[in-house]
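J.: First the structure, which I've put down as C-alpha cells, then a few questions once you've had a look.
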Amino acid sequence: MQGIQIDLISAEKMHGLTSMEKIHLILDQVREGNIVILEKGLSPDEQSALIEMTMHEILPDGFNGIEIESYPSQEESPGFLRKLLGRTSFESRLTVIGPANQLRMIRKEKDFLSAWVSTR
Amino acid sequence: MDILVQTRNRISKFLKAFFRKKRARIGIYGPPNAGKTTLANRIARDWTGESVGPVSEIPHETRRASRKTDITITGSNGSNITIDIVDTPGVTTKIDYKDFLEYGVTREDAVIRAREATEGVAEAMHWLREDIDGVIYMLDATEDPFLQVNIMMIGIIESRKLPVLIVANKIDLPDAAPQRIRAAFPQHPVIPVSCLEGRNVEDLYEKMLESFG
C-alpha cells in the first residue's frame, strides 16, 4: 500500500530541543518524503537557519527543497515585564512542512490552510 | 615636544576611528525575479555612475551576494547618507535545476546554476544574520505578496529589529497592485516604484534617508 507518512510534533516535544535539533528533526523527516506538522512553529531565527540548512541539502535529481506554510503569527499580549522592557513577541503557530516536490498549498487564509500531497 | 604632538595625533586618530559612524550595509532582499538587481543597478548608477550586476528573466541570475560600497544619497533638503548596497540572491525554500531547462539552459549548466543558487541563498541568509544594518524588501507588485517566504522573511527581519522598507516594484505593468502589498504588510512603509523606468525612485531615496540615515 502506498501512502504518505505524516508526523505531528507537539509543542512540548519541540520545546525540549535545541534549534539545531529541531531543524535536523524536520529536515531528516522531510528528506524521507514525510510531511511534518508542528503544533507550534519555529522562531524567526530558526526559520532563517532552516532555509539555510535546506539549501545545503538540495541535490540534483534528489531532494529539491521544502514547502512550508503556517497561519500568520499573532502578536502575544505583552506582560508587565515585556511592557516595561518595550519588547513584543510573535507567537508562531501550526506549521506544515513537506518536500517541495510533493506538497502543494492550494488555499491559504488567516485561519485556514488547504494542502495537496502527492506520493513520490 | 615632538612626543607630545605625536601622542596627541595618535589619540585624535584613535578617537576619530572609534566614534566614526559605521557605514550602514543595506541588503536588498526578496523572492527571485522581483527586480533586486535592477534596483541595485539603478541606485548605483544614479549615485556613482556604475552598475552592480547583470539582470535576466531567468530566476536566480544573481547567485552571489554582491556589494557596491560608498554610495552617497542626497535628499531634496540636502541631507545625505553614505551606504553600502548588498544585492542578494532571491530567497526561496526550494530550487530545482529542471526549472532552468525551460529557459533553454543545458542540463549541465542548469545543475551548476542550481548549485550556485543554493549556495547564494544560504549566503544571503547568513548575511542577514551577521552583516546587514537595514533591508529593502523587494516585491513584484503583480505577484501574490502573501507567499510564506515573504511572511517568514519579514518576520526574520523584524525579529532582528532591522529597519525595513518594502518596495512594490513593476508598477509599470498593467496588473500591478501595490495596495495588496500594503494590505499584507501594513506595519511597514511600502513604496511603489518601477525600477525599470525609474518611476518614483526619488520617493524611495527620500524614504531611505528617513529610515537608514
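Here's how to read the names in the C-alpha cells: chain A, B, ... by the order shown, residue numbers from 1 in each chain, ligand numbers from 1 in the order shown.
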Could you please select, counting only C-alpha atoms, the residues of chain A within 6 Å of chain B and state them as a ChimeraX atom specification?
T.: /A:44,51-52,55,64-66,69
J.: Expressed in Å to a single decimal, how great is the separation between CA of His15 in chain A and CA of Ala184 in chain B?
T.: 29.8 Å
J.: Where in chain A does DSSP assign helix (DSSP H, G or I), given as a short mmCIF file (atom, residue, chain, number, x, y, z; two decimals) with C-alpha atoms, in the first residue's frame?
T.:
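File written: part.cif
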data_model
loop_
_atom_site.label_atom_id
_atom_site.label_comp_id
_atom_site.auth_asym_id
_atom_site.auth_seq_id
_atom_site.Cartn_x
_atom_site.Cartn_y
_atom_site.Cartn_z
CA ALA A 11 4.92 21.90 21.19
CA GLU A 12 6.23 20.04 24.28
CA LYS A 13 8.47 17.80 22.16
CA MET A 14 9.92 20.78 20.28
CA HIS A 15 10.34 22.84 23.45
CA SER A 19 17.30 24.98 17.47
CA MET A 20 19.68 22.75 15.51
CA GLU A 21 17.98 19.60 16.84
CA LYS A 22 14.61 20.96 15.68
CA ILE A 23 15.96 21.73 12.21
CA HIS A 24 17.64 18.34 11.84
CA LEU A 25 14.47 16.59 13.05
CA ILE A 26 12.39 18.43 10.43
CA LEU A 27 14.82 18.04 7.54
CA ASP A 28 15.51 14.35 8.27
CA GLN A 29 11.78 13.61 8.08
CA VAL A 30 11.10 15.79 5.04
CA ARG A 31 14.03 14.35 3.07
CA PRO A 44 12.32 33.64 13.17
CA ASP A 45 15.96 32.71 13.84
CA GLU A 46 15.10 29.02 13.47
CA GLN A 47 13.22 29.74 10.24
CA SER A 48 16.28 31.58 8.92
CA ALA A 49 18.54 28.63 9.83
CA LEU A 50 16.01 26.19 8.32
CA ILE A 51 16.19 27.99 4.96
CA GLU A 52 19.99 27.99 5.11
CA MET A 53 20.22 24.29 6.06
CA THR A 54 17.65 23.35 3.41
CA MET A 55 19.81 24.97 0.74
CA HIS A 56 22.80 22.88 1.85
CA GLU A 57 20.75 19.66 1.49
CA PHE A 80 4.19 43.56 32.67
CA LEU A 81 7.90 42.81 32.16
CA ARG A 82 7.61 42.92 28.38
CA LYS A 83 5.79 46.26 28.60
CA LEU A 84 8.49 47.55 30.90
CA LEU A 85 11.26 46.43 28.56
#
J.: What is the distance between CA of Trp47 in chain B and CA of Ala176 in chain B, in Å to one decimal?
T.: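 Between CA of Trp47 in chain B and CA of Ala176 in chain B the gap is 27.4 Å.
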J.: Considering only strand (DSSP E or B) as DSSP defines it on the backbone, what residues of chain A qualify? List them as number ranges by chain.
T.: A: 6-9, 35-38, 65-70, 74-75, 90-91, 95-99, 103-109, 112-117
J.: Which residue, B:Gly90, B:Arg25, B:Gly35, B:Glu57, has the smallest gap to Asp70 in chain B when you use only C-alpha atoms?
T.: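 The answer is B:Arg25, which sits nearest to Asp70 in chain B.
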J.: Hey, can you check how far CA of Glu130 in chain B sits from CA of Ile71 in chain B?
T.: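 The value is 20.9 Å.
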J.: Would you mind telling me which residue in A:Ser114, A:Thr95, A:Ser70, A:Gln102 lies nearest to Gln5 in chain A when using only C-alpha atoms?
T.: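 Result for the nearest residue to Gln5 in chain A: A:Gln102.
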